[in-house]
>>> print(open('upload-v7.pdb').read())   # PDB, C-alpha atoms and all ligand atoms
ATOM      1  CA  MET A   1     -20.471 -18.590  12.337  1.00  0.00           C
ATOM      2  CA  TYR A   2     -21.603 -19.251   8.773  1.00  0.00           C
ATOM      3  CA  GLU A   3     -19.283 -18.073   6.051  1.00  0.00           C
ATOM      4  CA  ASN A   4     -20.119 -18.107   2.381  1.00  0.00           C
ATOM      5  CA  PRO A   5     -17.198 -19.936   0.714  1.00  0.00           C
ATOM      6  CA  LYS A   6     -17.574 -17.730  -2.362  1.00  0.00           C
ATOM      7  CA  CYS A   7     -16.805 -14.648  -0.253  1.00  0.00           C
ATOM      8  CA  ARG A   8     -13.695 -15.809   1.604  1.00  0.00           C
ATOM      9  CA  TRP A   9     -11.898 -12.755   0.272  1.00  0.00           C
ATOM     10  CA  ALA A  10     -14.479 -10.200   1.481  1.00  0.00           C
ATOM     11  CA  ALA A  11     -12.855  -9.463   4.849  1.00  0.00           C
ATOM     12  CA  VAL A  12      -9.540  -8.762   3.135  1.00  0.00           C
ATOM     13  CA  VAL A  13     -10.830  -6.807   0.169  1.00  0.00           C
ATOM     14  CA  TRP A  14     -13.275  -4.692   2.143  1.00  0.00           C
ATOM     15  CA  ASN A  15     -10.895  -3.872   4.990  1.00  0.00           C
ATOM     16  CA  PRO A  16     -11.857  -0.218   5.577  1.00  0.00           C
ATOM     17  CA  TRP A  17      -8.267   0.801   6.253  1.00  0.00           C
ATOM     18  CA  SER A  18      -6.840  -0.464   2.975  1.00  0.00           C
ATOM     19  CA  ILE A  19      -6.204   1.917   0.102  1.00  0.00           C
ATOM     20  CA  PRO A  20      -8.810   1.124  -2.602  1.00  0.00           C
ATOM     21  CA  LYS A  21      -6.261   0.380  -5.356  1.00  0.00           C
ATOM     22  CA  HIS A  22      -4.528  -2.056  -2.964  1.00  0.00           C
ATOM     23  CA  ALA A  23      -7.866  -3.693  -2.137  1.00  0.00           C
ATOM     24  CA  ILE A  24      -8.744  -4.118  -5.806  1.00  0.00           C
ATOM     25  CA  LEU A  25      -5.441  -5.867  -6.437  1.00  0.00           C
ATOM     26  CA  ALA A  26      -6.109  -8.163  -3.428  1.00  0.00           C
ATOM     27  CA  TRP A  27      -9.486  -8.962  -4.957  1.00  0.00           C
ATOM     28  CA  LEU A  28      -7.886  -9.829  -8.301  1.00  0.00           C
ATOM     29  CA  ILE A  29      -5.355 -12.051  -6.515  1.00  0.00           C
ATOM     30  CA  SER A  30      -8.059 -13.794  -4.515  1.00  0.00           C
ATOM     31  CA  LYS A  31     -10.068 -14.424  -7.688  1.00  0.00           C
ATOM     32  CA  GLU A  32      -6.897 -15.535  -9.506  1.00  0.00           C
ATOM     33  CA  SER A  33      -7.755 -12.960 -12.166  1.00  0.00           C
ATOM     34  CA  LEU A  34      -4.452 -11.153 -12.295  1.00  0.00           C
ATOM     35  CA  ASN A  35      -2.864 -11.123 -15.760  1.00  0.00           C
ATOM     36  CA  THR A  36       0.348 -12.916 -14.892  1.00  0.00           C
ATOM     37  CA  LYS A  37       2.552 -14.147 -17.719  1.00  0.00           C
ATOM     38  CA  VAL A  38       1.367 -17.725 -17.149  1.00  0.00           C
ATOM     39  CA  LYS A  39      -2.183 -16.551 -17.786  1.00  0.00           C
ATOM     40  CA  LEU A  40      -1.173 -14.384 -20.761  1.00  0.00           C
ATOM     41  CA  LEU A  41       0.746 -17.297 -22.284  1.00  0.00           C
ATOM     42  CA  ARG A  42      -2.297 -19.561 -21.848  1.00  0.00           C
ATOM     43  CA  ILE A  43      -4.516 -17.169 -23.822  1.00  0.00           C
ATOM     44  CA  GLY A  44      -1.846 -16.534 -26.460  1.00  0.00           C
ATOM     45  CA  VAL A  45      -1.031 -12.917 -25.610  1.00  0.00           C
ATOM     46  CA  CYS A  46       2.510 -13.632 -24.479  1.00  0.00           C
ATOM     47  CA  ASP A  47       5.150 -15.998 -25.837  1.00  0.00           C
ATOM     48  CA  GLU A  48       6.969 -16.799 -22.607  1.00  0.00           C
ATOM     49  CA  ALA A  49       5.982 -17.177 -18.952  1.00  0.00           C
ATOM     50  CA  ASN A  50       9.183 -16.399 -17.080  1.00  0.00           C
ATOM     51  CA  CYS A  51       8.921 -14.101 -14.053  1.00  0.00           C
ATOM     52  CA  CYS A  52       9.480 -10.427 -14.943  1.00  0.00           C
ATOM     53  CA  ILE A  53      11.340  -9.922 -11.669  1.00  0.00           C
ATOM     54  CA  CYS A  54      13.662 -12.903 -11.159  1.00  0.00           C
ATOM     55  CA  ASP A  55      13.524 -14.618 -14.586  1.00  0.00           C
ATOM     56  CA  GLN A  56      13.941 -17.958 -12.770  1.00  0.00           C
ATOM     57  CA  GLU A  57      10.425 -19.453 -12.656  1.00  0.00           C
ATOM     58  CA  ASP A  58       7.114 -19.142 -14.434  1.00  0.00           C
ATOM     59  CA  GLU A  59       5.217 -16.052 -13.342  1.00  0.00           C
ATOM     60  CA  SER A  60       2.109 -17.397 -11.625  1.00  0.00           C
ATOM     61  CA  ILE A  61       0.283 -15.760  -8.715  1.00  0.00           C
ATOM     62  CA  ASP A  62       1.832 -18.305  -6.354  1.00  0.00           C
ATOM     63  CA  HIS A  63       5.319 -17.620  -7.625  1.00  0.00           C
ATOM     64  CA  LEU A  64       5.019 -13.836  -7.778  1.00  0.00           C
ATOM     65  CA  PHE A  65       3.529 -13.268  -4.334  1.00  0.00           C
ATOM     66  CA  TYR A  66       4.730 -16.248  -2.292  1.00  0.00           C
ATOM     67  CA  GLN A  67       7.848 -17.781  -3.854  1.00  0.00           C
ATOM     68  CA  CYS A  68       9.758 -15.178  -5.862  1.00  0.00           C
ATOM     69  CA  ILE A  69      13.038 -14.209  -4.213  1.00  0.00           C
ATOM     70  CA  TYR A  70      12.128 -10.509  -4.578  1.00  0.00           C
ATOM     71  CA  SER A  71       8.790 -10.937  -2.777  1.00  0.00           C
ATOM     72  CA  THR A  72      10.440 -12.980  -0.056  1.00  0.00           C
ATOM     73  CA  ARG A  73      13.035 -10.247   0.512  1.00  0.00           C
ATOM     74  CA  LEU A  74      10.416  -7.491   0.471  1.00  0.00           C
ATOM     75  CA  ILE A  75       8.258  -9.274   3.031  1.00  0.00           C
ATOM     76  CA  GLN A  76      11.318  -9.904   5.191  1.00  0.00           C
ATOM     77  CA  ALA A  77      12.189  -6.185   5.027  1.00  0.00           C
ATOM     78  CA  ILE A  78       8.616  -5.207   5.950  1.00  0.00           C
ATOM     79  CA  ASN A  79       8.610  -7.633   8.864  1.00  0.00           C
ATOM     80  CA  GLU A  80      11.860  -6.120  10.150  1.00  0.00           C
ATOM     81  CA  LYS A  81      10.652  -2.518   9.807  1.00  0.00           C
ATOM     82  CA  VAL A  82       6.990  -2.752  10.723  1.00  0.00           C
ATOM     83  CA  GLY A  83       6.960  -5.837  12.921  1.00  0.00           C
ATOM     84  CA  VAL A  84       3.972  -7.256  11.087  1.00  0.00           C
ATOM     85  CA  MET A  85       4.420 -10.877  10.113  1.00  0.00           C
ATOM     86  CA  LEU A  86       3.268 -11.192   6.536  1.00  0.00           C
ATOM     87  CA  PRO A  87       2.199 -14.420   4.891  1.00  0.00           C
ATOM     88  CA  GLY A  88       4.422 -16.987   3.340  1.00  0.00           C
ATOM     89  CA  SER A  89       1.224 -18.605   2.130  1.00  0.00           C
ATOM     90  CA  ARG A  90      -2.016 -17.551   0.487  1.00  0.00           C
ATOM     91  CA  ILE A  91      -2.928 -14.027   1.532  1.00  0.00           C
ATOM     92  CA  ILE A  92      -6.612 -14.739   2.138  1.00  0.00           C
ATOM     93  CA  ASP A  93      -5.919 -17.722   4.394  1.00  0.00           C
ATOM     94  CA  TRP A  94      -3.247 -15.785   6.210  1.00  0.00           C
ATOM     95  CA  CYS A  95      -5.430 -12.721   6.751  1.00  0.00           C
ATOM     96  CA  LYS A  96      -8.336 -14.820   7.990  1.00  0.00           C
ATOM     97  CA  SER A  97      -6.116 -16.667  10.458  1.00  0.00           C
ATOM     98  CA  ARG A  98      -4.985 -13.453  12.168  1.00  0.00           C
ATOM     99  CA  ARG A  99      -5.714 -13.136  15.836  1.00  0.00           C
ATOM    100  CA  GLY A 100      -5.738 -10.096  18.049  1.00  0.00           C
ATOM    101  CA  SER A 101      -7.887  -7.028  18.271  1.00  0.00           C
ATOM    102  CA  LYS A 102      -9.916  -5.683  15.370  1.00  0.00           C
ATOM    103  CA  ILE A 103      -7.406  -2.843  15.014  1.00  0.00           C
ATOM    104  CA  GLN A 104      -4.438  -5.249  14.883  1.00  0.00           C
ATOM    105  CA  ARG A 105      -6.146  -7.379  12.229  1.00  0.00           C
ATOM    106  CA  ARG A 106      -7.007  -4.344  10.122  1.00  0.00           C
ATOM    107  CA  VAL A 107      -3.414  -3.093  10.276  1.00  0.00           C
ATOM    108  CA  GLN A 108      -2.033  -6.532   9.371  1.00  0.00           C
ATOM    109  CA  ILE A 109      -4.405  -6.854   6.428  1.00  0.00           C
ATOM    110  CA  MET A 110      -3.668  -3.283   5.323  1.00  0.00           C
ATOM    111  CA  VAL A 111       0.098  -3.939   5.321  1.00  0.00           C
ATOM    112  CA  ALA A 112      -0.243  -7.343   3.600  1.00  0.00           C
ATOM    113  CA  VAL A 113      -2.445  -5.899   0.861  1.00  0.00           C
ATOM    114  CA  ALA A 114      -0.089  -2.919   0.403  1.00  0.00           C
ATOM    115  CA  ALA A 115       2.853  -5.330   0.080  1.00  0.00           C
ATOM    116  CA  ALA A 116       1.012  -7.295  -2.596  1.00  0.00           C
ATOM    117  CA  TYR A 117       0.244  -4.075  -4.473  1.00  0.00           C
ATOM    118  CA  HIS A 118       3.874  -2.992  -4.404  1.00  0.00           C
ATOM    119  CA  ILE A 119       5.061  -6.421  -5.580  1.00  0.00           C
ATOM    120  CA  TRP A 120       2.710  -6.128  -8.553  1.00  0.00           C
ATOM    121  CA  PHE A 121       3.847  -2.515  -9.149  1.00  0.00           C
ATOM    122  CA  GLN A 122       7.492  -3.627  -9.147  1.00  0.00           C
ATOM    123  CA  ARG A 123       6.645  -6.489 -11.512  1.00  0.00           C
ATOM    124  CA  ASN A 124       5.034  -4.043 -13.950  1.00  0.00           C
ATOM    125  CA  GLN A 125       7.897  -1.606 -13.628  1.00  0.00           C
ATOM    126  CA  ALA A 126      10.377  -4.423 -14.322  1.00  0.00           C
ATOM    127  CA  ARG A 127       8.373  -5.547 -17.341  1.00  0.00           C
ATOM    128  CA  VAL A 128       7.855  -2.102 -18.895  1.00  0.00           C
ATOM    129  CA  GLU A 129      10.929  -0.123 -17.838  1.00  0.00           C
ATOM    130  CA  GLY A 130      13.341  -2.910 -16.929  1.00  0.00           C
ATOM    131  CA  LYS A 131      13.707  -1.213 -13.539  1.00  0.00           C
ATOM    132  CA  LEU A 132      13.342  -2.805 -10.110  1.00  0.00           C
ATOM    133  CA  ASP A 133      13.578  -0.918  -6.815  1.00  0.00           C
ATOM    134  CA  LYS A 134      15.412  -2.591  -3.936  1.00  0.00           C
ATOM    135  CA  PRO A 135      13.119  -4.390  -1.465  1.00  0.00           C
ATOM    136  CA  ASP A 136      14.341  -2.218   1.445  1.00  0.00           C
ATOM    137  CA  PHE A 137      13.396   0.930  -0.465  1.00  0.00           C
ATOM    138  CA  VAL A 138       9.933  -0.437  -1.287  1.00  0.00           C
ATOM    139  CA  ALA A 139       9.422  -1.570   2.327  1.00  0.00           C
ATOM    140  CA  GLN A 140      10.182   1.989   3.433  1.00  0.00           C
ATOM    141  CA  ARG A 141       7.379   3.310   1.190  1.00  0.00           C
ATOM    142  CA  ILE A 142       4.873   0.820   2.597  1.00  0.00           C
TER     143      ILE A 142
HETATM  144 ZN    ZN B   1      10.244 -14.362  -9.626  1.00  0.00          ZN
END
>>> encode(input="upload-v7.pdb", output="structure tokens")
Amino acid sequence: MYENPKCRWAAVVWNPWSIPKHAILAWLISKESLNTKVKLLRIGVCDEANCCICDQEDESIDHLFYQCIYSTRLIQAINEKVGVMLPGSRIIDWCKSRRGSKIQRRVQIMVAVAAAYHIWFQRNQARVEGKLDKPDFVAQRI
């Protein structure tokens, strides 16, 4: 089946079961358009690039969603509670590699996109309020 390489993200973003604000964030991630501190530093809006959550690495999309210790713990907590294996790699590639029924794929994408949204929410909360909810608590909300 032909797939337009420019629209690799379409199946994830337009998953009908995802909450629209979660889908929009997935779209921004897939387009690498999220205003991470690495990006803000590059355009001169920010004077440092360290991760708002862990303060250990530069805050890129890869770090924030796939490498940060907080994200890793949150995804582990979701996997334990929901039984949906979330990606340890790029969300679009992971979502497209899912097998199973249409319903199973939609649920997996919905949970993965919700997890990404909550990671970004926690990042913003940490940056603005200096507050970070525990991964188990966030997993419960998802
Ligand atoms: Zn981090």
>>> residues_around(input="upload-v7.pdb", residues="segment 41-45 of chain A", least_positions_apart="5", cutoff="12 Å", atoms="all atoms listed in the file", output="list of chain:residue names")
A:Asn35, A:Thr36, A:Asn50, A:Asp58, A:Glu59, A:Ser60
>>> resolve_selection(input="upload-v7.pdb", expression="the PyMOL selection byres (((chain A and resi 19-29) around 8) and not hetatm)", output="ChimeraX atom specification")
/A:9,12-15,17-18,30-34,61,110,113-114,116-117
>>> residues_near_ligand(input="upload-v7.pdb", ligand="ligand ZN 1 (chain B)", cutoff="7 Å", atoms="only C-alpha atoms and all ligand atoms", output="PyMOL selection string")
chain A and resi 51-57+59+63-64+68-70
>>> closest_residue(input="upload-v7.pdb", among="A:Arg106, A:Ser101, A:Lys81, A:Lys37", to="Val138 of chain A", atoms="only C-alpha atoms")
A:Lys81
>>> atom_distance(input="upload-v7.pdb", atom1="atom CA of Cys46 of chain A", atom2="atom CA of Arg127 of chain A")
12.3 Å
>>> atom_distance(input="upload-v7.pdb", atom1="atom CA of Asp136 of chain A", atom2="atom CA of Leu74 of chain A")
6.6 Å
>>> atom_distance(input="upload-v7.pdb", atom1="atom CA of Ile78 of chain A", atom2="atom CA of Ile142 of chain A")
7.8 Å
